[in-house]
$ cat target_27.csv   # CSV, C-alpha atoms
chain,number,residue,atom,x,y,z
A,1,MET,CA,0.0,0.0,0.0
A,2,GLY,CA,1.4,3.4,-1.0
A,3,GLY,CA,4.2,1.8,-2.9
A,4,PRO,CA,5.7,3.2,-6.1
A,5,ARG,CA,2.9,1.6,-8.1
A,6,ASP,CA,-0.1,2.6,-6.0
A,7,GLN,CA,-2.2,4.9,-8.1
A,8,ARG,CA,-3.2,7.0,-5.1
A,9,ARG,CA,0.4,8.0,-4.2
A,10,LEU,CA,2.5,11.1,-4.8
A,11,HIS,CA,6.0,11.0,-6.1
A,12,LEU,CA,7.5,11.9,-2.8
A,13,CYS,CA,11.2,11.4,-1.9
A,14,THR,CA,13.6,12.3,0.9
A,15,SER,CA,16.4,14.7,0.1
A,16,LYS,CA,18.5,11.7,-0.6
A,17,ASN,CA,16.0,10.6,-3.2
A,18,GLN,CA,14.6,7.6,-1.3
A,19,TYR,CA,10.9,7.1,-2.1
A,20,ILE,CA,8.5,7.7,0.7
A,21,PRO,CA,5.5,5.4,0.5
A,22,ASN,CA,2.3,7.4,0.8
A,23,VAL,CA,-1.4,7.4,0.0
A,24,GLN,CA,-3.8,10.2,-0.7
A,25,GLU,CA,-6.8,9.1,1.3
A,26,LYS,CA,-10.4,10.2,0.7
A,27,GLN,CA,-12.0,12.9,2.8
A,28,ARG,CA,-14.0,11.4,5.7
A,29,PRO,CA,-17.8,12.1,5.9
A,30,TYR,CA,-18.8,15.4,7.5
A,31,GLU,CA,-20.5,13.7,10.5
A,32,ALA,CA,-17.4,11.7,11.2
A,33,MET,CA,-15.2,14.8,11.2
A,34,MET,CA,-17.6,16.7,13.5
A,35,ALA,CA,-17.6,13.8,15.9
A,36,ALA,CA,-13.8,13.7,15.8
A,37,LYS,CA,-13.7,17.4,16.5
A,38,LYS,CA,-16.0,17.0,19.5
A,39,ILE,CA,-14.0,14.2,21.0
A,40,SER,CA,-10.7,16.0,20.4
A,41,LEU,CA,-11.7,19.3,22.0
A,42,GLU,CA,-14.0,18.0,24.8
A,43,GLY,CA,-12.2,18.6,28.2
A,44,HIS,CA,-9.2,20.1,26.5
A,45,GLY,CA,-9.6,23.8,26.9
A,46,ARG,CA,-6.2,24.7,25.5
A,47,ARG,CA,-6.6,22.8,22.2
A,48,GLN,CA,-7.7,24.8,19.2
A,49,LEU,CA,-9.0,23.5,15.9
A,50,ARG,CA,-7.1,24.6,12.8
A,51,SER,CA,-8.6,22.4,10.1
A,52,LEU,CA,-10.8,19.4,9.6
A,53,ASN,CA,-9.3,17.5,6.7
A,54,ALA,CA,-8.8,13.8,6.6
A,55,THR,CA,-6.8,13.5,3.3
A,56,TYR,CA,-3.5,13.6,5.2
A,57,ASN,CA,-2.1,12.4,8.5
A,58,CYS,CA,0.3,13.9,11.0
A,59,VAL,CA,3.4,12.7,9.1
A,60,GLY,CA,1.9,14.0,5.8
A,61,MET,CA,1.2,17.4,7.5
A,62,VAL,CA,4.8,17.8,8.7
A,63,PHE,CA,6.8,16.2,5.9
A,64,ALA,CA,4.5,16.5,2.8
A,65,ASN,CA,2.8,19.8,3.2
A,66,ARG,CA,-0.6,18.3,4.0
A,67,ARG,CA,-0.8,16.5,0.7
A,68,THR,CA,-0.8,12.8,1.6
A,69,CYS,CA,-0.8,10.2,4.3
A,70,ILE,CA,2.6,8.7,5.3
A,71,ASP,CA,2.9,5.8,7.7
A,72,ALA,CA,4.7,6.8,10.9
A,73,ASP,CA,7.1,3.9,10.4
A,74,HIS,CA,8.8,6.0,7.7
A,75,VAL,CA,9.6,8.9,10.0
A,76,PRO,CA,13.1,7.6,11.1
A,77,MET,CA,14.1,7.3,7.4
A,78,ILE,CA,12.9,10.9,6.6
A,79,LEU,CA,14.6,12.4,9.7
A,80,LYS,CA,17.9,10.7,8.8
A,81,ASP,CA,17.9,11.5,5.1
A,82,ASP,CA,16.7,15.1,5.6
A,83,GLY,CA,19.5,15.8,8.2
A,84,TYR,CA,17.4,16.2,11.3
A,85,VAL,CA,19.2,16.1,14.6
A,86,GLU,CA,17.7,15.8,18.1
A,87,VAL,CA,17.4,19.0,20.1
A,88,LEU,CA,18.1,18.0,23.7
A,89,ASP,CA,17.8,21.3,25.3
A,90,LEU,CA,14.2,22.5,25.5
A,91,GLU,CA,15.3,26.1,25.5
A,92,LYS,CA,16.8,25.6,22.1
A,93,VAL,CA,13.6,24.4,20.5
A,94,VAL,CA,12.2,27.0,18.2
A,95,ALA,CA,9.1,27.4,15.9
A,96,GLY,CA,9.5,25.1,12.9
A,97,ASP,CA,11.2,22.3,14.7
A,98,VAL,CA,9.5,18.9,14.8
A,99,ILE,CA,8.2,17.0,17.8
A,100,VAL,CA,8.2,13.2,17.6
A,101,TYR,CA,6.1,11.1,20.0
A,102,GLU,CA,7.4,7.6,20.3
A,103,ASP,CA,7.0,4.4,22.3
A,104,PRO,CA,9.9,4.4,24.8
A,105,GLN,CA,10.2,0.6,24.6
A,106,THR,CA,9.9,-0.1,21.0
A,107,CYS,CA,10.9,3.3,19.6
A,108,GLU,CA,7.9,3.1,17.3
A,109,VAL,CA,6.9,6.6,16.1
A,110,LEU,CA,3.3,7.3,17.2
A,111,HIS,CA,2.8,10.9,16.3
A,112,VAL,CA,4.6,13.9,14.9
A,113,GLY,CA,3.9,17.7,15.0
A,114,ARG,CA,5.4,21.0,14.2
A,115,VAL,CA,6.5,23.5,17.0
A,116,VAL,CA,4.7,26.8,16.6
A,117,SER,CA,6.0,28.6,19.8
A,118,ASN,CA,8.3,28.0,22.8
A,119,GLN,CA,7.9,30.3,25.8
A,120,LYS,CA,8.8,30.3,29.4
A,121,ILE,CA,5.9,31.4,31.5
A,122,PHE,CA,7.1,31.8,35.1
A,123,SER,CA,8.9,28.6,35.9
A,124,GLU,CA,7.0,26.5,33.3
A,125,ARG,CA,8.0,26.0,29.7
A,126,GLN,CA,5.1,26.2,27.3
A,127,ILE,CA,5.7,24.7,23.9
A,128,ARG,CA,2.8,24.9,21.5
A,129,ILE,CA,2.5,22.4,18.7
A,130,LEU,CA,0.4,22.2,15.5
A,131,SER,CA,-0.3,18.6,14.6
A,132,GLN,CA,-2.9,16.5,12.7
A,133,PHE,CA,-4.5,14.0,15.1
A,134,GLY,CA,-4.3,11.0,12.8
A,135,ARG,CA,-7.1,11.8,10.3
A,136,ASP,CA,-9.3,13.5,12.9
A,137,GLY,CA,-8.2,17.1,12.1
A,138,GLU,CA,-5.4,19.6,12.8
A,139,TYR,CA,-5.1,21.2,16.2
A,140,PHE,CA,-2.9,23.6,18.1
A,141,HIS,CA,-2.1,22.1,21.5
A,142,ASP,CA,0.5,22.1,24.3
A,143,HIS,CA,3.3,19.5,23.7
A,144,THR,CA,2.1,17.4,26.7
A,145,ASP,CA,-1.6,17.7,25.8
A,146,ILE,CA,-2.2,15.0,23.2
A,147,PRO,CA,-4.6,12.0,22.9
A,148,GLN,CA,-3.6,9.2,25.2
A,149,VAL,CA,-2.8,6.8,22.4
A,150,TYR,CA,0.3,8.9,21.5
A,151,GLY,CA,1.9,8.3,24.9
A,152,LYS,CA,3.9,10.8,26.9
A,153,HIS,CA,7.4,10.3,25.5
A,154,PHE,CA,8.6,12.8,23.0
A,155,LYS,CA,11.7,14.2,21.3
A,156,PHE,CA,12.4,17.3,19.4
A,157,TYR,CA,14.2,17.4,16.1
A,158,SER,CA,15.5,20.1,13.9
A,159,GLU,CA,17.1,20.5,10.5
A,160,ARG,CA,18.3,24.0,11.4
A,161,ARG,CA,21.9,25.1,10.7
A,162,ASN,CA,22.7,28.1,12.9
A,163,GLU,CA,25.0,31.0,11.9
A,164,ASP,CA,26.9,30.9,15.2
A,165,GLU,CA,27.5,27.2,15.1
A,166,PRO,CA,27.5,26.4,11.4
A,167,TRP,CA,26.8,22.8,10.4
A,168,ALA,CA,27.3,21.6,14.0
A,169,THR,CA,24.6,19.4,15.5
A,170,LEU,CA,22.3,21.1,18.0
A,171,THR,CA,22.9,18.3,20.5
A,172,SER,CA,26.4,19.6,21.4
B,173,MET,CA,-23.5,-5.6,26.6
B,174,GLY,CA,-25.5,-7.5,23.9
B,175,ASP,CA,-24.2,-8.4,20.5
B,176,THR,CA,-26.3,-5.8,18.8
B,177,ASP,CA,-25.1,-3.1,21.1
B,178,ILE,CA,-21.5,-4.0,20.4
B,179,LEU,CA,-22.0,-3.9,16.7
B,180,ASN,CA,-23.8,-0.5,17.0
B,181,ASP,CA,-20.9,0.9,19.0
B,182,ILE,CA,-18.3,-0.5,16.6
B,183,GLU,CA,-20.1,1.3,13.8
B,184,GLY,CA,-20.4,4.5,15.9
B,185,LEU,CA,-18.6,7.7,15.2
B,186,ALA,CA,-16.7,7.7,18.5
B,187,PHE,CA,-15.1,4.4,17.8
B,188,SER,CA,-14.1,5.6,14.3
B,189,ALA,CA,-12.7,8.8,15.6
B,190,GLU,CA,-10.6,6.9,18.2
B,191,LEU,CA,-9.2,4.5,15.6
B,192,ASN,CA,-8.5,7.2,13.1
B,193,LEU,CA,-6.0,8.8,15.5
B,194,ALA,CA,-3.5,6.2,14.3
B,195,ALA,CA,-0.6,7.5,12.3
B,196,GLY,CA,0.1,4.1,10.6
B,197,LYS,CA,-1.0,0.5,10.2
B,198,ARG,CA,1.0,-0.7,13.2
B,199,ALA,CA,-0.5,2.0,15.5
B,200,PHE,CA,-4.0,1.2,14.1
B,201,ASN,CA,-3.7,-2.4,15.0
B,202,ARG,CA,-2.3,-1.6,18.4
B,203,ILE,CA,-5.1,0.8,19.2
B,204,LEU,CA,-7.7,-1.7,18.0
B,205,GLU,CA,-6.3,-4.5,20.0
B,206,GLY,CA,-6.2,-2.4,23.1
B,207,ASN,CA,-9.8,-1.2,22.7
B,208,ARG,CA,-12.3,-2.6,25.2
B,209,LEU,CA,-15.1,-2.6,22.6
B,210,PHE,CA,-13.0,-4.6,20.2
B,211,ASN,CA,-12.2,-7.2,22.8
B,212,ASP,CA,-16.0,-7.5,23.5
B,213,LEU,CA,-16.4,-8.0,19.7
B,214,VAL,CA,-13.8,-10.8,19.7
B,215,ALA,CA,-15.5,-12.5,22.6
B,216,SER,CA,-18.8,-12.2,20.7
B,217,ALA,CA,-17.2,-13.7,17.6
B,218,ARG,CA,-16.1,-16.7,19.6
B,219,THR,CA,-19.7,-17.6,20.4
B,220,PRO,CA,-21.4,-20.1,18.0
B,221,THR,CA,-23.7,-17.6,16.3
B,222,GLY,CA,-21.2,-14.7,16.5
B,223,PRO,CA,-19.3,-15.1,13.3
B,224,SER,CA,-22.5,-15.5,11.1
B,225,LYS,CA,-23.9,-12.3,12.7
B,226,ILE,CA,-20.7,-10.4,11.9
B,227,VAL,CA,-20.5,-11.7,8.3
B,228,GLU,CA,-24.1,-10.8,7.8
B,229,ARG,CA,-23.5,-7.3,9.2
B,230,ILE,CA,-20.5,-6.9,6.8
B,231,ARG,CA,-22.7,-7.8,3.9
B,232,GLU,CA,-25.4,-5.4,5.0
B,233,LEU,CA,-23.0,-2.5,5.3
B,234,ALA,CA,-21.2,-3.4,2.1
B,235,SER,CA,-24.5,-3.2,0.2
B,236,GLN,CA,-25.5,0.2,1.5
B,237,PRO,CA,-25.3,3.1,-0.9
B,238,ILE,CA,-22.5,5.5,-0.2
B,239,ASP,CA,-21.2,8.9,-1.4
B,240,GLU,CA,-18.1,7.8,-3.3
B,241,ARG,CA,-16.5,11.2,-2.9
B,242,TYR,CA,-15.9,10.3,0.7
B,243,GLU,CA,-14.3,7.4,2.6
B,244,HIS,CA,-16.7,4.6,3.4
B,245,PRO,CA,-18.4,5.5,6.7
B,246,SER,CA,-17.9,1.9,7.9
B,247,ASP,CA,-14.2,1.7,7.1
B,248,VAL,CA,-13.2,1.3,10.7
B,249,ALA,CA,-16.1,-1.0,11.5
B,250,PHE,CA,-15.1,-3.3,8.6
B,251,SER,CA,-11.5,-3.3,10.0
B,252,ALA,CA,-12.7,-4.3,13.4
B,253,TYR,CA,-15.0,-7.0,12.1
B,254,LEU,CA,-12.3,-8.5,9.9
B,255,LYS,CA,-9.8,-8.4,12.7
B,256,ALA,CA,-12.2,-10.0,15.2
B,257,LEU,CA,-13.1,-12.7,12.7
B,258,ALA,CA,-9.4,-13.3,12.1
B,259,GLU,CA,-8.8,-13.8,15.8
B,260,ALA,CA,-11.8,-15.9,16.6
B,261,CYS,CA,-13.0,-17.8,13.5
B,262,ASP,CA,-12.0,-20.4,11.0
B,263,PRO,CA,-10.0,-19.1,8.0
B,264,LYS,CA,-12.8,-19.9,5.5
B,265,THR,CA,-15.2,-17.5,7.2
B,266,VAL,CA,-12.4,-14.9,7.4
B,267,ALA,CA,-11.7,-15.3,3.7
B,268,GLU,CA,-15.4,-15.0,2.9
B,269,ALA,CA,-15.7,-11.7,4.9
B,270,ALA,CA,-12.5,-10.4,3.5
B,271,LYS,CA,-13.7,-11.1,0.0
B,272,VAL,CA,-16.7,-8.9,0.6
B,273,VAL,CA,-14.8,-6.0,2.1
B,274,ALA,CA,-12.2,-6.1,-0.7
B,275,THR,CA,-14.8,-5.2,-3.2
B,276,VAL,CA,-16.3,-2.3,-1.2
B,277,PRO,CA,-15.2,1.1,-2.6
B,278,GLY,CA,-13.8,3.9,-0.5
B,279,CYS,CA,-12.2,1.8,2.2
B,280,GLY,CA,-8.7,2.7,3.6
B,281,TRP,CA,-7.8,0.7,6.7
B,282,ALA,CA,-10.3,-2.1,5.9
B,283,ALA,CA,-9.0,-2.5,2.4
B,284,ASP,CA,-5.5,-3.0,3.7
B,285,ILE,CA,-6.6,-5.6,6.2
B,286,ALA,CA,-8.9,-7.4,3.7
B,287,ARG,CA,-6.0,-7.5,1.2
B,288,GLU,CA,-3.7,-9.1,3.8
B,289,LEU,CA,-6.3,-11.7,4.8
B,290,LEU,CA,-7.1,-12.5,1.3
B,291,SER,CA,-3.5,-12.9,0.3
B,292,SER,CA,-3.0,-15.5,3.0
B,293,ALA,CA,-6.3,-17.1,2.1
B,294,LEU,CA,-5.3,-17.3,-1.5
B,295,ALA,CA,-2.0,-18.7,-0.6
B,296,SER,CA,-3.6,-21.4,1.5
B,297,GLY,CA,-6.2,-22.1,-1.2
B,298,LEU,CA,-9.2,-20.9,0.8
B,299,ALA,CA,-10.2,-18.1,-1.5
B,300,PHE,CA,-10.6,-18.0,-5.3
B,301,PRO,CA,-7.3,-19.3,-6.7
B,302,PRO,CA,-5.5,-17.3,-9.4
B,303,THR,CA,-5.6,-20.5,-11.5
B,304,GLY,CA,-9.1,-19.3,-12.4
B,305,ILE,CA,-7.6,-16.7,-14.7
B,306,ALA,CA,-6.4,-19.5,-16.9
B,307,GLY,CA,-7.6,-19.0,-20.4
B,308,ASN,CA,-6.4,-15.4,-20.6
B,309,SER,CA,-3.6,-15.5,-23.0
B,310,GLY,CA,-2.3,-12.1,-21.9
B,311,VAL,CA,-1.4,-13.5,-18.4
B,312,PRO,CA,2.1,-14.9,-18.3
B,313,HIS,CA,2.0,-18.6,-17.8
B,314,ARG,CA,4.1,-18.7,-14.7
B,315,LEU,CA,1.4,-16.7,-12.9
B,316,LEU,CA,-1.1,-19.4,-13.2
B,317,SER,CA,0.5,-21.4,-10.4
B,318,CYS,CA,-1.6,-22.2,-7.3
B,319,ASN,CA,1.0,-21.0,-5.0
B,320,VAL,CA,0.9,-17.4,-6.0
B,321,SER,CA,-0.9,-15.0,-3.7
B,322,GLY,CA,-3.3,-12.3,-4.7
B,323,ASP,CA,-0.7,-9.5,-4.1
B,324,GLN,CA,2.0,-11.4,-5.9
B,325,LEU,CA,-0.4,-11.8,-8.8
B,326,VAL,CA,-1.0,-8.1,-9.0
B,327,THR,CA,2.7,-7.2,-8.6
B,328,SER,CA,3.6,-9.6,-11.3
B,329,LEU,CA,1.0,-8.3,-13.6
B,330,GLN,CA,2.3,-4.8,-13.0
B,331,GLU,CA,5.9,-5.6,-13.4
B,332,GLN,CA,5.3,-7.4,-16.6
B,333,LYS,CA,2.9,-5.7,-18.9
B,334,TYR,CA,-0.1,-4.3,-17.0
B,335,PRO,CA,0.9,-1.3,-14.9
B,336,GLU,CA,-2.7,-0.3,-14.3
B,337,VAL,CA,-3.6,-3.6,-12.6
B,338,THR,CA,-4.0,-3.3,-8.8
B,339,TRP,CA,-5.8,-5.5,-6.4
B,340,GLY,CA,-8.5,-2.7,-6.1
B,341,VAL,CA,-8.9,-2.5,-9.8
B,342,LEU,CA,-9.3,-6.3,-10.1
B,343,ALA,CA,-11.9,-6.3,-7.3
B,344,GLN,CA,-13.8,-3.4,-8.9
B,345,LEU,CA,-13.9,-5.2,-12.3
B,346,ALA,CA,-15.0,-8.4,-10.6
B,347,ARG,CA,-17.8,-6.5,-8.9
B,348,SER,CA,-19.0,-5.0,-12.1
B,349,SER,CA,-18.8,-8.3,-14.0
B,350,SER,CA,-21.7,-10.6,-14.4
B,351,SER,CA,-20.2,-13.4,-12.3
B,352,GLY,CA,-18.8,-11.1,-9.6
B,353,GLU,CA,-15.6,-13.1,-9.3
B,354,ILE,CA,-12.0,-12.3,-10.2
B,355,ARG,CA,-11.5,-15.8,-11.6
B,356,ASN,CA,-13.8,-15.0,-14.6
B,357,LEU,CA,-12.2,-11.8,-15.6
B,358,ASP,CA,-10.6,-11.5,-19.0
B,359,ILE,CA,-7.5,-9.5,-18.0
B,360,LYS,CA,-6.3,-9.2,-21.6
B,361,SER,CA,-9.4,-7.4,-22.8
B,362,GLN,CA,-9.5,-5.0,-19.8
B,363,PHE,CA,-5.9,-3.8,-19.9
B,364,GLU,CA,-3.5,-2.8,-22.5
B,365,PRO,CA,0.0,-4.3,-22.2
B,366,VAL,CA,3.0,-1.9,-22.1
B,367,ALA,CA,4.5,-3.6,-25.1
B,368,VAL,CA,1.7,-2.4,-27.3
B,369,ARG,CA,2.2,1.2,-26.1
B,370,LYS,CA,5.9,1.2,-26.8
B,371,ARG,CA,5.2,-0.1,-30.3
B,372,SER,CA,2.6,2.5,-30.9
B,373,ARG,CA,4.9,5.3,-29.9
B,374,ILE,CA,7.5,4.3,-32.3
B,375,ARG,CA,5.0,4.3,-35.1
B,376,GLY,CA,4.0,7.8,-34.2
B,377,HIS,CA,0.4,7.1,-33.2
B,378,ARG,CA,-1.2,9.4,-30.6
B,379,SER,CA,-2.9,6.8,-28.4
B,380,PRO,CA,-2.8,3.1,-28.6
B,381,SER,CA,-6.4,3.0,-27.5
B,382,MET,CA,-7.5,5.0,-30.5
B,383,GLN,CA,-6.2,2.4,-33.0
B,384,LYS,CA,-6.9,-1.1,-33.9
B,385,ARG,CA,-4.3,-3.6,-32.5
B,386,PRO,CA,-2.2,-5.4,-35.0
B,387,SER,CA,-3.6,-8.8,-35.8
B,388,SER,CA,-0.4,-10.5,-34.5
B,389,LEU,CA,-1.1,-9.0,-31.0
B,390,ARG,CA,-4.8,-10.0,-31.1
B,391,THR,CA,-3.8,-13.6,-31.5
B,392,GLY,CA,-1.5,-13.4,-28.5
B,393,ARG,CA,1.6,-14.4,-30.2
B,394,LYS,CA,3.5,-11.2,-29.3
B,395,TYR,CA,2.7,-11.5,-25.6
B,396,ALA,CA,4.8,-14.6,-25.4
B,397,SER,CA,7.7,-13.1,-27.0
B,398,VAL,CA,7.7,-10.0,-24.8
B,399,SER,CA,7.7,-11.8,-21.5
$ encode --input "target_27.csv" --output "structure tokens"
Amino acid sequence: MGGPRDQRRLHLCTSKNQYIPNVQEKQRPYEAMMAAKKISLEGHGRRQLRSLNATYNCVGMVFANRRTCIDADHVPMILKDDGYVEVLDLEKVVAGDVIVYEDPQTCEVLHVGRVVSNQKIFSERQIRILSQFGRDGEYFHDHTDIPQVYGKHFKFYSERRNEDEPWATLTS
Amino acid sequence: MGDTDILNDIEGLAFSAELNLAAGKRAFNRILEGNRLFNDLVASARTPTGPSKIVERIRELASQPIDERYEHPSDVAFSAYLKALAEACDPKTVAEAAKVVATVPGCGWAADIARELLSSALASGLAFPPTGIAGNSGVPHRLLSCNVSGDQLVTSLQEQKYPEVTWGVLAQLARSSSSGEIRNLDIKSQFEPVAVRKRSRIRGHRSPSMQKRPSSLRTGRKYASVS
């Protein structure tokens, strides 16, 4: 599914020209999206809906500009080929970086999102994320405020190259 | 919770929303297997009348009219039903249900699961074997082996001369055919082999479908030489 011969796929490659399997799914019915919205927002006051579109998933939102669905299993390949490095210091996380939620035991990628802001409010760091909840719609949310199935374990990645530390990894 | 309640909840919007949080096939299966409702469904499928109820429900949902612009509203329900049958029932029932789901348009998760189940059913000879395609001279002879799975058949067809052939396309054709079965499809009349296209381009024709095929191709002699 989503292989090079699937008719519903886009010609999508990493920067090292490795094909990224993907599928352009159909839109889900209106009632299904409204129900998804209700479930996602209920009891989560800080979540904000951005868009209700089911043709792409979280990985497609971050790495394919909202054009297609990409299985989360391909995220490690994309991060590696596109030169992403882990940002260990939360203070160094900036808008545009990527958050990856994963299973701490299996390292299976469960969800990805894009950082939209990083602020320190009193003693607490507040990192806002924009991510597509599967195919249930796109939401702004705090980095710790996500559906339970995505777990609580996350890492930040960036492809940035800073002027003051050219080409050095951000982990140092 | 009664069987009917379980089926209603499985087909509900909340269950669909929860499962559609998955960012991939592995996550989808994990969320499904960890879901209480799904476990109730599996328990129900283990009862003597459970499997027939589920298969009957699959048939009902599959026959309902849908808006083809959108994903099938029962996509997640189909997935849950197939997975539950796969866990609790004999392979023949599973193959029967998967065969129905594989022909339903607009399915995403369910189509994937149905394809997997059908492939294993085909490999074990429980579903329609690809030998049924015998008689189509356009299909390479080596594909007519009993051991080839449905996916392998499609891949082989694509790699050889029929790039448009996918499992979904075959299923769709089967659905619209009089017999409703893949085994009776005439692959050669439905798809145009790549070899013909190349030939047409060399001759400067605009589209191979706009012209009459050379008589040598119609007899099937050229197909053998291309493969």
$ closest_atom_pairs --input "target_27.csv" --of "chain A" --to "chain B" --cutoff "6 Å" --atoms "only C-alpha atoms" --output "tab-separated table"
residue	atom	partner	partner_atom	distance
A:Lys26	CA	B:Glu243	CA	5.2
A:Gln27	CA	B:Tyr242	CA	5.1
A:Arg28	CA	B:Glu243	CA	5.1
A:Pro29	CA	B:Tyr242	CA	5.8
A:Ala32	CA	B:Leu185	CA	5.8
A:Ala36	CA	B:Ala189	CA	5.0
A:Asp71	CA	B:Gly196	CA	4.4
A:Ala72	CA	B:Gly196	CA	5.3
A:Phe133	CA	B:Leu193	CA	5.4
A:Gly134	CA	B:Leu193	CA	3.9
A:Arg135	CA	B:Asn192	CA	5.6
$ closest_residue --input "target_27.csv" --among "B:Met173, B:Val227, B:Leu233, B:Leu209" --to "Pro277 (chain B)" --atoms "only C-alpha atoms"
B:Leu233
$ closest_residue --input "target_27.csv" --among "A:Asp81, A:Cys107, A:Thr68, A:Ser123" --to "Ser15 (chain A)" --atoms "only C-alpha atoms"
A:Asp81
$ atom_distance --input "target_27.csv" --atom1 "CA of Tyr84 (chain A)" --atom2 "CA of Leu10 (chain A)"
22.5 Å
$ decode --input "target_27.csv" --residues "region 28-47 of chain A" --atoms "N, CA and C atoms" --output "PDB file, in the first residue's frame"
ATOM      1  N   ARG A  28     -13.061  12.151   4.913  1.00  0.00           N
ATOM      2  CA  ARG A  28     -14.049  11.387   5.675  1.00  0.00           C
ATOM      3  C   ARG A  28     -15.374  12.156   5.703  1.00  0.00           C
ATOM      4  N   PRO A  29     -16.485  11.449   5.893  1.00  0.00           N
ATOM      5  CA  PRO A  29     -17.779  12.140   5.889  1.00  0.00           C
ATOM      6  C   PRO A  29     -17.852  13.252   6.941  1.00  0.00           C
ATOM      7  N   TYR A  30     -18.683  14.240   6.665  1.00  0.00           N
ATOM      8  CA  TYR A  30     -18.830  15.420   7.532  1.00  0.00           C
ATOM      9  C   TYR A  30     -19.139  15.034   8.980  1.00  0.00           C
ATOM     10  N   GLU A  31     -20.094  14.126   9.152  1.00  0.00           N
ATOM     11  CA  GLU A  31     -20.515  13.742  10.523  1.00  0.00           C
ATOM     12  C   GLU A  31     -19.346  13.122  11.280  1.00  0.00           C
ATOM     13  N   ALA A  32     -18.542  12.334  10.564  1.00  0.00           N
ATOM     14  CA  ALA A  32     -17.394  11.678  11.204  1.00  0.00           C
ATOM     15  C   ALA A  32     -16.376  12.721  11.663  1.00  0.00           C
ATOM     16  N   MET A  33     -16.158  13.745  10.851  1.00  0.00           N
ATOM     17  CA  MET A  33     -15.182  14.772  11.224  1.00  0.00           C
ATOM     18  C   MET A  33     -15.702  15.626  12.375  1.00  0.00           C
ATOM     19  N   MET A  34     -17.008  15.896  12.383  1.00  0.00           N
ATOM     20  CA  MET A  34     -17.575  16.687  13.473  1.00  0.00           C
ATOM     21  C   MET A  34     -17.501  15.911  14.800  1.00  0.00           C
ATOM     22  N   ALA A  35     -17.725  14.605  14.706  1.00  0.00           N
ATOM     23  CA  ALA A  35     -17.626  13.783  15.914  1.00  0.00           C
ATOM     24  C   ALA A  35     -16.178  13.757  16.409  1.00  0.00           C
ATOM     25  N   ALA A  36     -15.245  13.662  15.467  1.00  0.00           N
ATOM     26  CA  ALA A  36     -13.825  13.653  15.826  1.00  0.00           C
ATOM     27  C   ALA A  36     -13.433  14.959  16.499  1.00  0.00           C
ATOM     28  N   LYS A  37     -13.963  16.050  15.964  1.00  0.00           N
ATOM     29  CA  LYS A  37     -13.663  17.374  16.539  1.00  0.00           C
ATOM     30  C   LYS A  37     -14.174  17.461  17.978  1.00  0.00           C
ATOM     31  N   LYS A  38     -15.401  16.983  18.169  1.00  0.00           N
ATOM     32  CA  LYS A  38     -16.016  17.044  19.499  1.00  0.00           C
ATOM     33  C   LYS A  38     -15.176  16.247  20.505  1.00  0.00           C
ATOM     34  N   ILE A  39     -14.783  15.052  20.095  1.00  0.00           N
ATOM     35  CA  ILE A  39     -14.002  14.193  20.994  1.00  0.00           C
ATOM     36  C   ILE A  39     -12.632  14.816  21.284  1.00  0.00           C
ATOM     37  N   SER A  40     -12.035  15.398  20.268  1.00  0.00           N
ATOM     38  CA  SER A  40     -10.686  15.954  20.447  1.00  0.00           C
ATOM     39  C   SER A  40     -10.684  17.194  21.329  1.00  0.00           C
ATOM     40  N   LEU A  41     -11.748  17.988  21.273  1.00  0.00           N
ATOM     41  CA  LEU A  41     -11.744  19.254  22.021  1.00  0.00           C
ATOM     42  C   LEU A  41     -12.371  19.147  23.409  1.00  0.00           C
ATOM     43  N   GLU A  42     -13.244  18.157  23.580  1.00  0.00           N
ATOM     44  CA  GLU A  42     -13.967  18.035  24.850  1.00  0.00           C
ATOM     45  C   GLU A  42     -13.013  17.815  26.024  1.00  0.00           C
ATOM     46  N   GLY A  43     -13.079  18.702  26.994  1.00  0.00           N
ATOM     47  CA  GLY A  43     -12.238  18.560  28.185  1.00  0.00           C
ATOM     48  C   GLY A  43     -10.795  18.991  27.963  1.00  0.00           C
ATOM     49  N   HIS A  44     -10.519  19.596  26.821  1.00  0.00           N
ATOM     50  CA  HIS A  44      -9.154  20.082  26.546  1.00  0.00           C
ATOM     51  C   HIS A  44      -9.231  21.543  26.130  1.00  0.00           C
ATOM     52  N   GLY A  45      -9.342  22.403  27.137  1.00  0.00           N
ATOM     53  CA  GLY A  45      -9.570  23.822  26.900  1.00  0.00           C
ATOM     54  C   GLY A  45      -8.476  24.509  26.094  1.00  0.00           C
ATOM     55  N   ARG A  46      -7.257  23.982  26.154  1.00  0.00           N
ATOM     56  CA  ARG A  46      -6.158  24.675  25.479  1.00  0.00           C
ATOM     57  C   ARG A  46      -5.967  24.195  24.035  1.00  0.00           C
ATOM     58  N   ARG A  47      -6.736  23.210  23.638  1.00  0.00           N
ATOM     59  CA  ARG A  47      -6.642  22.773  22.237  1.00  0.00           C
ATOM     60  C   ARG A  47      -7.480  23.687  21.353  1.00  0.00           C
TER      61      ARG A  47
END
